[in-house]
Structures are given as structure tokens and as C-alpha cells.
$ cat work.csv   # CSV, C-alpha atoms
chain,number,residue,atom,x,y,z
A,9,MET,CA,48.7,36.6,19.9
A,10,ASN,CA,46.2,38.3,17.7
A,11,LYS,CA,42.9,36.3,17.8
A,12,TYR,CA,41.7,37.8,14.5
A,13,ILE,CA,44.3,36.3,12.2
A,14,GLY,CA,45.4,32.9,11.2
A,15,SER,CA,48.9,33.8,10.0
A,16,THR,CA,50.9,36.9,11.0
A,17,PHE,CA,51.6,37.4,7.2
A,18,GLN,CA,48.1,38.8,7.0
A,19,LEU,CA,49.6,41.8,8.5
A,20,TYR,CA,53.4,41.7,8.4
A,21,GLY,CA,56.4,39.4,7.8
A,22,VAL,CA,58.6,38.0,5.1
A,23,GLU,CA,58.0,35.7,2.2
A,24,LYS,CA,60.7,34.2,0.0
A,25,TYR,CA,60.0,33.4,-3.7
A,26,GLN,CA,61.8,32.9,-6.9
A,27,LEU,CA,61.2,34.6,-10.3
A,28,LEU,CA,60.6,32.2,-13.1
A,29,GLU,CA,60.6,34.0,-16.5
A,30,GLY,CA,62.8,35.9,-18.8
A,31,LYS,CA,66.2,37.3,-17.7
A,32,ALA,CA,64.8,37.3,-14.1
A,33,LYS,CA,64.5,33.5,-14.0
A,34,GLY,CA,66.2,32.0,-10.9
A,35,MET,CA,66.3,35.2,-8.9
A,36,ASP,CA,65.5,34.8,-5.2
A,37,ILE,CA,63.5,37.5,-3.5
A,38,TYR,CA,62.4,38.4,0.0
A,39,HIS,CA,59.1,40.2,0.0
A,40,VAL,CA,58.9,42.3,3.2
A,41,LYS,CA,55.9,44.1,4.7
A,42,ASN,CA,55.6,45.8,8.1
A,43,GLY,CA,51.8,45.9,8.5
A,44,LYS,CA,51.6,49.7,8.5
A,45,GLY,CA,51.8,50.2,4.8
A,46,LEU,CA,55.5,49.8,4.1
A,47,GLU,CA,56.5,47.0,1.6
A,48,PHE,CA,59.7,46.3,-0.3
A,49,CYS,CA,61.6,43.5,-2.1
A,50,VAL,CA,65.1,42.4,-1.3
A,51,SER,CA,67.0,40.8,-4.2
A,52,LEU,CA,69.3,38.0,-2.9
A,53,ASP,CA,70.7,37.7,-6.4
A,54,ARG,CA,71.9,41.3,-6.3
A,55,ASN,CA,73.7,41.9,-3.0
A,56,GLY,CA,70.6,42.1,-0.9
A,57,ASP,CA,69.6,45.4,-2.6
A,58,LEU,CA,66.0,46.7,-2.7
A,59,SER,CA,64.4,46.1,-6.0
A,60,SER,CA,61.1,47.9,-5.0
A,61,LEU,CA,59.6,50.1,-2.4
A,62,THR,CA,55.9,51.0,-1.9
A,63,TYR,CA,53.9,52.7,0.8
A,64,ARG,CA,50.2,52.0,1.1
A,65,GLY,CA,50.2,50.7,-2.5
A,66,VAL,CA,51.9,53.8,-3.9
A,67,ASN,CA,55.1,53.0,-5.8
A,68,ILE,CA,58.1,55.0,-4.6
A,69,SER,CA,61.0,53.3,-6.5
A,70,TYR,CA,62.1,53.3,-10.1
A,71,LEU,CA,62.2,50.2,-12.2
A,72,SER,CA,64.3,50.6,-15.3
A,73,PRO,CA,63.3,49.3,-18.8
A,74,VAL,CA,65.5,46.2,-18.3
A,75,GLY,CA,63.4,45.1,-15.4
A,76,TYR,CA,64.6,42.3,-13.1
A,77,VAL,CA,67.8,40.8,-14.5
A,78,ASN,CA,69.6,37.8,-13.1
A,79,SER,CA,73.2,38.5,-12.1
A,80,LYS,CA,74.4,35.8,-14.6
A,81,TYR,CA,73.7,38.3,-17.4
A,82,TYR,CA,75.9,41.0,-15.9
A,83,ASP,CA,78.4,42.6,-18.4
A,84,ALA,CA,81.4,44.3,-16.8
A,85,ASN,CA,82.7,45.7,-20.1
A,86,GLY,CA,82.4,49.5,-20.6
A,87,ILE,CA,78.9,50.6,-19.7
A,88,GLY,CA,77.5,47.0,-19.9
A,89,PHE,CA,76.3,47.7,-16.3
A,90,LEU,CA,73.3,49.5,-17.9
A,91,LYS,CA,72.1,46.3,-19.6
A,92,SER,CA,71.3,44.9,-16.2
A,93,PHE,CA,70.6,48.1,-14.2
A,94,THR,CA,67.3,47.3,-12.6
A,95,ALA,CA,67.7,50.4,-10.4
A,96,GLY,CA,64.9,49.6,-8.0
A,97,PHE,CA,64.9,51.6,-4.8
A,98,LEU,CA,68.6,50.6,-4.0
A,99,THR,CA,71.5,49.5,-6.2
A,100,THR,CA,74.7,49.4,-4.2
A,101,CYS,CA,77.7,50.5,-6.2
A,102,GLY,CA,81.3,49.5,-5.3
A,103,LEU,CA,83.1,48.2,-3.5
A,104,GLN,CA,86.3,48.7,-5.4
A,105,THR,CA,85.1,51.5,-7.7
A,106,VAL,CA,82.0,53.7,-8.4
A,107,GLY,CA,81.1,55.8,-11.4
A,108,THR,CA,82.9,56.2,-14.7
A,109,PRO,CA,84.8,53.2,-16.1
A,110,THR,CA,88.6,53.7,-15.7
A,111,ASN,CA,91.8,51.9,-15.5
A,112,ASP,CA,93.5,52.5,-12.2
A,113,ALA,CA,97.0,51.2,-11.5
A,114,GLY,CA,96.6,48.5,-14.2
A,115,VAL,CA,93.2,47.4,-12.9
A,116,ASP,CA,90.1,47.8,-15.1
A,117,CYS,CA,87.4,49.4,-13.0
A,118,PRO,CA,83.9,48.9,-14.6
A,119,LEU,CA,81.0,51.3,-14.3
A,120,HIS,CA,79.8,51.4,-10.7
A,121,GLY,CA,81.7,48.3,-9.7
A,122,THR,CA,80.5,44.7,-9.4
A,123,ILE,CA,78.9,44.4,-5.9
A,124,GLY,CA,75.4,45.3,-7.1
A,125,ASN,CA,75.5,42.4,-9.6
A,126,THR,CA,76.8,39.8,-7.1
A,127,PRO,CA,74.6,37.3,-5.4
A,128,VAL,CA,74.8,37.0,-1.6
A,129,ILE,CA,76.5,33.9,-0.3
A,130,CYS,CA,74.1,33.5,2.6
A,131,SER,CA,70.9,35.2,4.0
A,132,SER,CA,68.5,34.9,6.9
A,133,TYR,CA,65.7,36.7,8.5
A,134,GLU,CA,63.9,36.9,11.9
A,135,VAL,CA,60.6,38.4,12.9
A,136,ASN,CA,59.5,39.5,16.4
A,137,ASP,CA,56.9,41.8,17.8
A,138,GLU,CA,58.9,45.0,17.1
A,139,PHE,CA,60.9,44.5,14.0
A,140,ILE,CA,62.0,42.3,11.0
A,141,MET,CA,65.7,41.7,10.6
A,142,ILE,CA,67.2,40.6,7.3
A,143,LYS,CA,70.9,39.6,7.1
A,144,THR,CA,73.0,39.1,4.0
A,145,LYS,CA,76.6,38.6,3.2
A,146,THR,CA,78.3,39.3,-0.2
A,147,ILE,CA,81.9,38.8,-1.1
A,148,ASP,CA,83.9,41.0,-3.5
A,149,GLU,CA,87.1,39.0,-3.7
A,150,SER,CA,89.6,37.5,-6.2
A,151,MET,CA,92.7,35.5,-6.1
A,152,PHE,CA,95.8,37.7,-6.1
A,153,GLY,CA,93.5,40.7,-5.8
A,154,ILE,CA,91.4,42.8,-3.4
A,155,LYS,CA,89.4,40.9,-0.8
A,156,LEU,CA,86.4,42.6,0.7
A,157,ILE,CA,83.2,41.3,2.4
A,158,LEU,CA,79.9,43.2,2.8
A,159,ASN,CA,77.8,42.2,5.8
A,160,ARG,CA,74.3,43.8,5.6
A,161,LYS,CA,71.5,44.1,8.1
A,162,ILE,CA,68.1,45.6,7.1
A,163,ARG,CA,66.0,46.3,10.2
A,164,VAL,CA,62.4,47.1,9.5
A,165,SER,CA,60.2,48.5,12.3
A,166,LEU,CA,56.8,47.0,12.9
A,167,LEU,CA,55.9,50.0,15.1
A,168,GLU,CA,56.4,52.8,12.6
A,169,ASN,CA,57.1,53.2,8.8
A,170,MET,CA,60.9,53.1,9.0
A,171,PHE,CA,63.8,50.9,8.1
A,172,GLU,CA,67.6,51.0,8.5
A,173,ILE,CA,70.4,49.6,6.4
A,174,ASP,CA,73.5,48.8,8.4
A,175,ASP,CA,76.5,47.7,6.3
A,176,VAL,CA,79.9,46.6,7.5
A,177,VAL,CA,82.7,46.3,4.9
A,178,GLU,CA,85.6,44.2,6.0
A,179,ASN,CA,89.0,43.8,4.4
A,180,THR,CA,89.8,40.1,4.7
A,181,GLY,CA,93.0,40.3,2.7
A,182,ASP,CA,96.6,41.2,3.5
A,183,LYS,CA,96.8,44.5,1.5
A,184,VAL,CA,95.5,48.0,1.9
A,185,SER,CA,92.6,48.3,-0.5
A,186,PRO,CA,90.7,51.2,-2.2
A,187,LEU,CA,87.2,51.3,-0.9
A,188,MET,CA,84.5,53.1,-2.8
A,189,ILE,CA,80.8,52.8,-2.1
A,190,LEU,CA,77.7,54.6,-3.4
A,191,TYR,CA,74.1,53.9,-2.3
A,192,HIS,CA,72.2,54.5,-5.6
A,193,MET,CA,68.7,55.1,-4.3
A,194,ASN,CA,66.1,55.8,-7.0
A,195,LEU,CA,62.7,57.5,-6.9
A,196,GLY,CA,60.1,56.8,-9.6
A,197,TYR,CA,56.6,57.5,-10.7
A,198,PRO,CA,54.0,58.0,-9.4
A,199,PHE,CA,55.7,59.3,-6.2
A,200,LEU,CA,58.1,61.1,-8.5
A,201,ASP,CA,56.5,63.7,-10.7
A,202,GLU,CA,56.3,67.5,-11.1
A,203,LYS,CA,54.7,67.9,-7.6
A,204,LEU,CA,57.7,66.4,-5.8
A,205,LYS,CA,59.4,68.7,-3.3
A,206,LEU,CA,63.0,68.0,-2.6
A,207,ILE,CA,65.3,69.2,0.2
A,208,ILE,CA,68.9,68.2,0.5
A,209,GLN,CA,70.7,69.6,3.6
A,210,SER,CA,74.2,70.0,2.3
A,211,ASN,CA,77.0,72.5,2.9
A,212,ASN,CA,77.9,73.0,-0.7
A,213,VAL,CA,76.7,71.9,-4.1
A,214,GLU,CA,78.5,71.8,-7.5
A,215,ALA,CA,77.4,70.8,-10.9
A,216,ARG,CA,79.2,67.7,-12.3
A,217,ASN,CA,79.7,69.4,-15.8
A,218,GLU,CA,78.8,72.5,-17.8
A,219,HIS,CA,75.5,70.9,-18.9
A,220,ALA,CA,74.3,70.4,-15.3
A,221,LEU,CA,75.5,73.9,-14.4
A,222,LYS,CA,72.8,75.3,-16.7
A,223,GLY,CA,70.1,73.8,-14.4
A,224,ILE,CA,71.7,74.2,-11.0
A,225,ASN,CA,69.2,76.8,-9.9
A,226,GLU,CA,66.3,74.5,-10.6
A,227,ARG,CA,68.1,71.3,-9.5
A,228,ASN,CA,65.4,70.5,-6.9
A,229,LYS,CA,62.5,71.1,-9.3
A,230,MET,CA,61.1,68.2,-11.2
A,231,GLN,CA,60.0,68.4,-14.8
A,232,THR,CA,57.6,66.3,-17.0
A,233,PRO,CA,59.2,63.5,-19.0
A,234,THR,CA,61.2,65.2,-21.7
A,235,ASP,CA,62.3,63.9,-25.1
A,236,ASN,CA,66.1,63.6,-25.5
A,237,TYR,CA,66.7,64.7,-21.9
A,238,GLU,CA,70.4,64.7,-20.9
A,239,GLU,CA,71.0,63.6,-17.3
A,240,MET,CA,72.1,66.3,-14.8
A,241,CYS,CA,74.2,65.4,-11.7
A,242,TYR,CA,74.9,67.6,-8.7
A,243,TYR,CA,77.6,66.9,-6.1
A,244,HIS,CA,76.6,67.8,-2.5
A,245,SER,CA,79.2,68.1,0.3
A,246,ILE,CA,78.0,66.7,3.6
A,247,LYS,CA,80.0,67.4,6.8
A,248,ASP,CA,77.6,66.2,9.5
A,249,ASN,CA,75.1,63.4,9.4
A,250,GLY,CA,73.2,63.9,6.2
A,251,CYS,CA,69.4,64.5,5.8
A,252,VAL,CA,67.4,64.4,2.6
A,253,MET,CA,63.7,64.7,2.2
A,254,ALA,CA,61.3,64.2,-0.7
A,255,PHE,CA,57.6,65.0,-0.4
A,256,ASN,CA,54.7,64.7,-2.8
A,257,GLU,CA,51.5,66.6,-1.7
A,258,LYS,CA,49.5,64.5,-4.1
A,259,PHE,CA,49.9,61.5,-1.8
A,260,ASN,CA,50.3,63.5,1.4
A,261,PHE,CA,53.5,61.6,2.5
A,262,GLY,CA,57.2,61.9,2.0
A,263,LEU,CA,60.4,60.1,2.5
A,264,LYS,CA,63.2,61.2,4.8
A,265,MET,CA,66.7,59.8,4.4
A,266,THR,CA,69.5,60.2,7.0
A,267,PHE,CA,72.9,58.6,6.8
A,268,SER,CA,76.2,58.4,8.7
A,269,LYS,CA,78.8,61.1,8.4
A,270,ASN,CA,81.4,58.9,6.6
A,271,LEU,CA,79.0,59.0,3.6
A,272,ASP,CA,80.1,62.5,3.0
A,273,SER,CA,79.7,62.7,-0.8
A,274,PHE,CA,76.1,63.0,-1.9
A,275,VAL,CA,75.0,62.8,-5.5
A,276,GLU,CA,71.7,64.1,-6.9
A,277,TRP,CA,71.0,62.5,-10.2
A,278,LYS,CA,68.2,64.0,-12.3
A,279,MET,CA,67.0,62.0,-15.3
A,280,MET,CA,63.8,63.4,-16.5
A,281,GLY,CA,63.7,61.4,-19.8
A,282,VAL,CA,60.8,59.6,-21.4
A,283,ARG,CA,60.6,56.2,-19.6
A,284,ASP,CA,64.0,57.0,-18.2
A,285,TYR,CA,62.2,59.2,-15.5
A,286,VAL,CA,64.1,58.8,-12.3
A,287,LEU,CA,65.6,60.9,-9.4
A,288,GLY,CA,68.7,59.3,-7.8
A,289,LEU,CA,69.5,60.3,-4.2
A,290,GLU,CA,72.9,58.8,-3.6
A,291,PRO,CA,74.9,59.0,-0.4
A,292,GLY,CA,78.4,57.6,-0.8
A,293,ASN,CA,82.0,57.9,0.4
A,294,SER,CA,83.1,59.2,-3.0
A,295,TYR,CA,81.7,61.0,-6.1
A,296,PRO,CA,81.2,58.7,-9.1
A,297,ASP,CA,84.1,59.9,-11.3
A,298,GLY,CA,85.9,56.5,-11.4
A,299,ARG,CA,88.7,55.2,-9.3
A,300,SER,CA,91.7,56.6,-11.2
A,301,ASN,CA,90.2,60.1,-11.3
A,302,VAL,CA,89.3,60.1,-7.6
A,303,ARG,CA,92.8,58.9,-6.8
A,304,LYS,CA,94.3,61.8,-8.9
A,305,ASP,CA,92.2,64.2,-6.9
A,306,GLY,CA,93.6,62.8,-3.7
A,307,LYS,CA,90.2,61.8,-2.4
A,308,LEU,CA,90.3,58.0,-2.7
A,309,LYS,CA,89.6,56.2,0.5
A,310,PHE,CA,91.2,53.0,1.7
A,311,ILE,CA,90.6,50.1,4.1
A,312,SER,CA,93.4,48.3,5.9
A,313,PRO,CA,93.8,44.5,6.3
A,314,GLY,CA,91.4,43.4,9.1
A,315,GLU,CA,89.7,46.7,9.2
A,316,LYS,CA,85.9,47.0,9.4
A,317,ILE,CA,84.0,50.1,8.2
A,318,ASN,CA,80.4,50.7,9.1
A,319,TYR,CA,77.9,52.7,6.9
A,320,LYS,CA,74.3,53.4,8.1
A,321,ILE,CA,71.2,54.7,6.3
A,322,LYS,CA,67.8,55.3,7.7
A,323,ILE,CA,64.6,55.6,5.6
A,324,LYS,CA,61.4,56.9,7.2
A,325,ILE,CA,58.0,57.8,5.8
A,326,ILE,CA,57.0,61.3,7.0
A,327,ASP,CA,53.8,63.3,7.0
A,328,ILE,CA,53.4,67.0,6.0
A,329,ASN,CA,53.9,68.2,9.5
A,330,GLU,CA,57.3,66.6,9.9
A,331,PHE,CA,58.3,67.8,6.4
A,332,LYS,CA,57.4,71.4,7.2
A,333,THR,CA,59.1,71.3,10.6
A,334,ILE,CA,62.4,70.1,9.1
A,335,SER,CA,62.1,72.4,6.2
A,336,GLU,CA,61.8,75.4,8.5
A,337,GLU,CA,64.8,74.3,10.4
A,338,LYS,CA,66.9,74.1,7.3

$ encode --input "work.csv" --output "C-alpha cells"
Amino acid sequence: MNKYIGSTFQLYGVEKYQLLEGKAKGMDIYHVKNGKGLEFCVSLDRNGDLSSLTYRGVNISYLSPVGYVNSKYYDANGIGFLKSFTAGFLTTCGLQTVGTPTNDAGVDCPLHGTIGNTPVICSSYEVNDEFIMIKTKTIDESMFGIKLILNRKIRVSLLENMFEIDDVVENTGDKVSPLMILYHMNLGYPFLDEKLKLIIQSNNVEARNEHALKGINERNKMQTPTDNYEEMCYYHSIKDNGCVMAFNEKFNFGLKMTFSKNLDSFVEWKMMGVRDYVLGLEPGNSYPDGRSNVRKDGKLKFISPGEKINYKIKIKIIDINEFKTISEEK
């Protein structure tokens, strides 16, 4: 018991609130803080994804021009996904497709799938002296179709500035199902600017297209916001547990991301446009080329009836010493 405080939320904890205006009206949010500078919001209207992330008052995440958008406005047609793409720190893409809209085996697969625009069916949280645990469940199922459930745990340390996302995808149907997942994590200003240093520990990197190939040698160098900027995507191959670091000397802290080895397809998304100024760091089990294209390449992954597949990501705030140490080990 801390004799100096009336409520533990002076220091750490979880508050739940609902947004009231515009297209955000009706969205339920968990506001989480660990008492050591780390704060974020979990959107229960959007699969338990993280709509914001800050450290000691410095914004780390990117909030797109559409802002907070209730899932009832989601448009699955074509690239309608972008009309409600809040981005935030995390938008989960999947579970049946990621990336380019395609038609696969007679099934229309919209841009980045539907899970990130689906409300959770239940949520809970607990707080103790060492961590905060948030649990959510989201279903991605249809009659006569694929039946998948995503059970998520977000464990936030109260002892250090670190949190973990522990997802379990389960096939509750009676058919083998395609399984595609991409953790669309997005850095934004002021953490993201020209001073950001980026290290991605990968075995191989390829440009997504000819346009991106022109900038491959400067892929980890950030530019100022640029008029008419065309996005550049780079595909990193990860064989072992992945490690990615971003550090900004202006704030003297950085972010370290590690993830499980079954997230073997990492995407670096550079979008240095005016107001569309964002760096996507995206571990996944597939590159975002759409389900039919990934199937043609022989790289589509599947989940069997009754099977459960676990994906884990750890996010940690690091100082300059840890950044330099890992940089030298690269």
C-alpha cells in the first residue's frame, strides 16, 4: 500500500471510457498507463488493437487523417478499408487475407481483411503489483465459411517500460482454412522525423516494386514530409526471432520490437507524405500481396480444424546504451 496516494490510478492502471462524437461515437476504449511513462489506448471496437502509444508524453504512434472511426462505418469494398484506417500504433490485418484486394477461389478478399474492423465479443482486465493484463476475444466467422477466433492477451509491465502481445488464433470450424496475419505497427511524429534511426535485423530484403527499388539503399533513412510522395515497401525475410529498433536522439529513447519466429515475413512501409507521414513496422506470417497471389507463390499458410497457433510480440522502450549495444551486435 502506498500511503501517498488515494487511488492507484494516480500512478498506473486502466480506465474504460466511450467516445461520444463524430464517427468515433460509441467506441469503447481502455486507457492504460504503467506509472513509468508508458501509456496507450486499446480499442475494443477494433479487435483490441492499440489506437495510440506515448512515452513520457511523447507521441510514438501515427493517427491517420480519418481519426477514430467506429467499426460500423467499415467498407469492405475495394480499398474502402482506408476510409476507416485509424492506423494508431497497431492495426491487426487478417485473419483470412492481408494486403492487396483479390478474389481467391471464388472468395472476395478485401484490403487487409476484416479483423481490424471487428469489435471484440468480450474483454477484461486485471491489475496487480507487477503487471496489467488485458484480455480480448474477436471472432472472424461466417455461416458456410471460415471460422476463426482470435484470443488476445496484452501484458503491461509495472516494473519496466515494456508490454507483450500474445495472440492465439483458433480454427473452430471443420475445414482447413487459410491463415494470414499482419501486425501493422505505425510510428508517427514527433517520434518519427528525420532524426529517427532504424535497424531491422533481417536475413534478406527486397523492394516490393520498381519504385521502391530506387530507394532501397536509403530505406532506413527518414525524409521530411514530401508533396506527392509515393509509398515504398520493403520485404524483409526473418529466419529466427525478429528484432527491430527505432531510436530518436532528440528524445533520447527508442523502441525495440521482438517477435516470434512464425512471424517470418516483415514489411517496412515508408510513407513520407504530407500529413500521410508514417513508418510501418509490420511483422506477419505473409507479405501483403493478397491471398490469391500468395497462394500462387506457394507461400499461403493454413490452420487445421481445432488447431491453435500462437503469435507473440514484445515492445520495449530502450535507452541509447541498449540501442548502441544491439547495433554493434548486428

$ closest_residue --input "work.csv" --among "A:Glu47, A:Ile328, A:Met141, A:Leu221" --to "A:Lys258" --atoms "all atoms listed in the file"
A:Ile328

$ residues_around --input "work.csv" --residues "A:Met265" --least-positions-apart "5" --cutoff "6 Å" --atoms "all atoms listed in the file" --output "PyMOL selection string"
chain A and resi 251-252+322-323

$ axis_aligned_box --input "work.csv" --around "stretch 107-125 of chain A" --padding-each-side "6 Å" --output "JSON"
{"center_x": 86.2, "center_y": 49.3, "center_z": -11.0, "size_x": 33.6, "size_y": 25.8, "size_z": 22.2}

$ closest_residue --input "work.csv" --among "A:Ala113, A:Met253, A:Cys130, A:Val66" --to "A:Asp36" --atoms "all atoms listed in the file"
A:Cys130

$ atom_distance --input "work.csv" --atom1 "atom CA of A:Leu287" --atom2 "atom CA of A:Pro127"
25.6 Å

$ closest_residue --input "work.csv" --among "A:Ser72, A:Gln104, A:Thr110, A:Asn217" --to "A:Asn179" --atoms "only C-alpha atoms"
A:Gln104

$ residues_around --input "work.csv" --residues "A:Val176" --least-positions-apart "5" --cutoff "12 Å" --atoms "all atoms listed in the file" --output "PyMOL selection string"
chain A and resi 103+143-147+156-162+189+311+315-321

$ closest_residue --input "work.csv" --among "A:Gly88, A:Gly181, A:Gly262, A:Pro186" --to "A:Tyr63" --atoms "only C-alpha atoms"
A:Gly262

$ closest_residue --input "work.csv" --among "A:Ser185, A:Asn212, A:Asn256, A:Asn329" --to "A:Ser312" --atoms "all atoms listed in the file"
A:Ser185

$ closest_residue --input "work.csv" --among "A:Ser59, A:Thr105, A:Thr232, A:Gln18" --to "A:Ser300" --atoms "all atoms listed in the file"
A:Thr105

$ atom_distance --input "work.csv" --atom1 "atom CA of A:Leu52" --atom2 "atom CA of A:Lys324"
22.8 Å

$ residues_around --input "work.csv" --residues "A:Ile325" --least-positions-apart "6" --cutoff "8 Å" --atoms "only C-alpha atoms" --output "list of chain:residue names"
A:Asn169, A:Met170, A:Phe261, A:Gly262, A:Leu263, A:Lys264

$ atom_distance --input "work.csv" --atom1 "atom CA of A:Asn194" --atom2 "atom CA of A:Ala95"
6.6 Å

$ residues_around --input "work.csv" --residues "A:Phe274" --least-positions-apart "4" --cutoff "7 Å" --atoms "all atoms listed in the file" --output "PyMOL selection string"
chain A and resi 243-246+290-292

$ residues_around --input "work.csv" --residues "A:Lys269" --least-positions-apart "4" --cutoff "8 Å" --atoms "only C-alpha atoms" --output "PyMOL selection string"
chain A and resi 246-250

$ build_atoms --input "work.csv" --residues "stretch 157-177 of chain A" --atoms "N, CA and C atoms" --output "PDB file, in the coordinates of the input"
ATOM      1  N   ILE A 157      84.474  41.958   2.049  1.00  0.00           N
ATOM      2  CA  ILE A 157      83.200  41.300   2.400  1.00  0.00           C
ATOM      3  C   ILE A 157      82.224  42.411   2.837  1.00  0.00           C
ATOM      4  N   LEU A 158      80.987  42.341   2.352  1.00  0.00           N
ATOM      5  CA  LEU A 158      79.900  43.200   2.800  1.00  0.00           C
ATOM      6  C   LEU A 158      78.898  42.463   3.596  1.00  0.00           C
ATOM      7  N   ASN A 159      78.805  42.752   4.883  1.00  0.00           N
ATOM      8  CA  ASN A 159      77.800  42.200   5.800  1.00  0.00           C
ATOM      9  C   ASN A 159      76.678  43.220   5.942  1.00  0.00           C
ATOM     10  N   ARG A 160      75.463  42.857   5.574  1.00  0.00           N
ATOM     11  CA  ARG A 160      74.300  43.800   5.600  1.00  0.00           C
ATOM     12  C   ARG A 160      73.252  43.354   6.568  1.00  0.00           C
ATOM     13  N   LYS A 161      72.716  44.326   7.315  1.00  0.00           N
ATOM     14  CA  LYS A 161      71.500  44.100   8.100  1.00  0.00           C
ATOM     15  C   LYS A 161      70.475  45.145   7.693  1.00  0.00           C
ATOM     16  N   ILE A 162      69.267  44.677   7.422  1.00  0.00           N
ATOM     17  CA  ILE A 162      68.100  45.600   7.100  1.00  0.00           C
ATOM     18  C   ILE A 162      67.121  45.367   8.248  1.00  0.00           C
ATOM     19  N   ARG A 163      66.933  46.406   9.043  1.00  0.00           N
ATOM     20  CA  ARG A 163      66.000  46.300  10.200  1.00  0.00           C
ATOM     21  C   ARG A 163      64.773  47.148   9.889  1.00  0.00           C
ATOM     22  N   VAL A 164      63.629  46.458   9.864  1.00  0.00           N
ATOM     23  CA  VAL A 164      62.400  47.100   9.500  1.00  0.00           C
ATOM     24  C   VAL A 164      61.461  47.156  10.723  1.00  0.00           C
ATOM     25  N   SER A 165      61.055  48.347  11.082  1.00  0.00           N
ATOM     26  CA  SER A 165      60.200  48.500  12.300  1.00  0.00           C
ATOM     27  C   SER A 165      58.790  48.035  11.989  1.00  0.00           C
ATOM     28  N   LEU A 166      58.191  47.409  12.980  1.00  0.00           N
ATOM     29  CA  LEU A 166      56.800  47.000  12.900  1.00  0.00           C
ATOM     30  C   LEU A 166      55.915  48.044  13.696  1.00  0.00           C
ATOM     31  N   LEU A 167      56.558  49.048  14.290  1.00  0.00           N
ATOM     32  CA  LEU A 167      55.900  50.000  15.100  1.00  0.00           C
ATOM     33  C   LEU A 167      55.691  51.369  14.366  1.00  0.00           C
ATOM     34  N   GLU A 168      56.560  51.626  13.370  1.00  0.00           N
ATOM     35  CA  GLU A 168      56.400  52.800  12.600  1.00  0.00           C
ATOM     36  C   GLU A 168      56.983  52.516  11.166  1.00  0.00           C
ATOM     37  N   ASN A 169      56.730  53.394  10.225  1.00  0.00           N
ATOM     38  CA  ASN A 169      57.100  53.200   8.800  1.00  0.00           C
ATOM     39  C   ASN A 169      58.565  53.648   8.618  1.00  0.00           C
ATOM     40  N   MET A 170      59.500  52.783   8.997  1.00  0.00           N
ATOM     41  CA  MET A 170      60.900  53.100   9.000  1.00  0.00           C
ATOM     42  C   MET A 170      61.732  51.859   8.830  1.00  0.00           C
ATOM     43  N   PHE A 171      62.836  51.960   8.073  1.00  0.00           N
ATOM     44  CA  PHE A 171      63.800  50.900   8.100  1.00  0.00           C
ATOM     45  C   PHE A 171      65.208  51.403   7.984  1.00  0.00           C
ATOM     46  N   GLU A 172      66.159  50.585   8.443  1.00  0.00           N
ATOM     47  CA  GLU A 172      67.600  51.000   8.500  1.00  0.00           C
ATOM     48  C   GLU A 172      68.416  49.961   7.745  1.00  0.00           C
ATOM     49  N   ILE A 173      69.391  50.465   7.030  1.00  0.00           N
ATOM     50  CA  ILE A 173      70.400  49.600   6.400  1.00  0.00           C
ATOM     51  C   ILE A 173      71.704  49.827   7.115  1.00  0.00           C
ATOM     52  N   ASP A 174      72.245  48.742   7.635  1.00  0.00           N
ATOM     53  CA  ASP A 174      73.500  48.800   8.400  1.00  0.00           C
ATOM     54  C   ASP A 174      74.489  47.869   7.762  1.00  0.00           C
ATOM     55  N   ASP A 175      75.449  48.473   7.070  1.00  0.00           N
ATOM     56  CA  ASP A 175      76.500  47.700   6.300  1.00  0.00           C
ATOM     57  C   ASP A 175      77.808  47.773   7.014  1.00  0.00           C
ATOM     58  N   VAL A 176      78.500  46.638   7.023  1.00  0.00           N
ATOM     59  CA  VAL A 176      79.900  46.600   7.500  1.00  0.00           C
ATOM     60  C   VAL A 176      80.738  45.979   6.408  1.00  0.00           C
ATOM     61  N   VAL A 177      81.711  46.761   5.938  1.00  0.00           N
ATOM     62  CA  VAL A 177      82.700  46.300   4.900  1.00  0.00           C
ATOM     63  C   VAL A 177      83.948  45.884   5.657  1.00  0.00           C
TER      64      VAL A 177
END
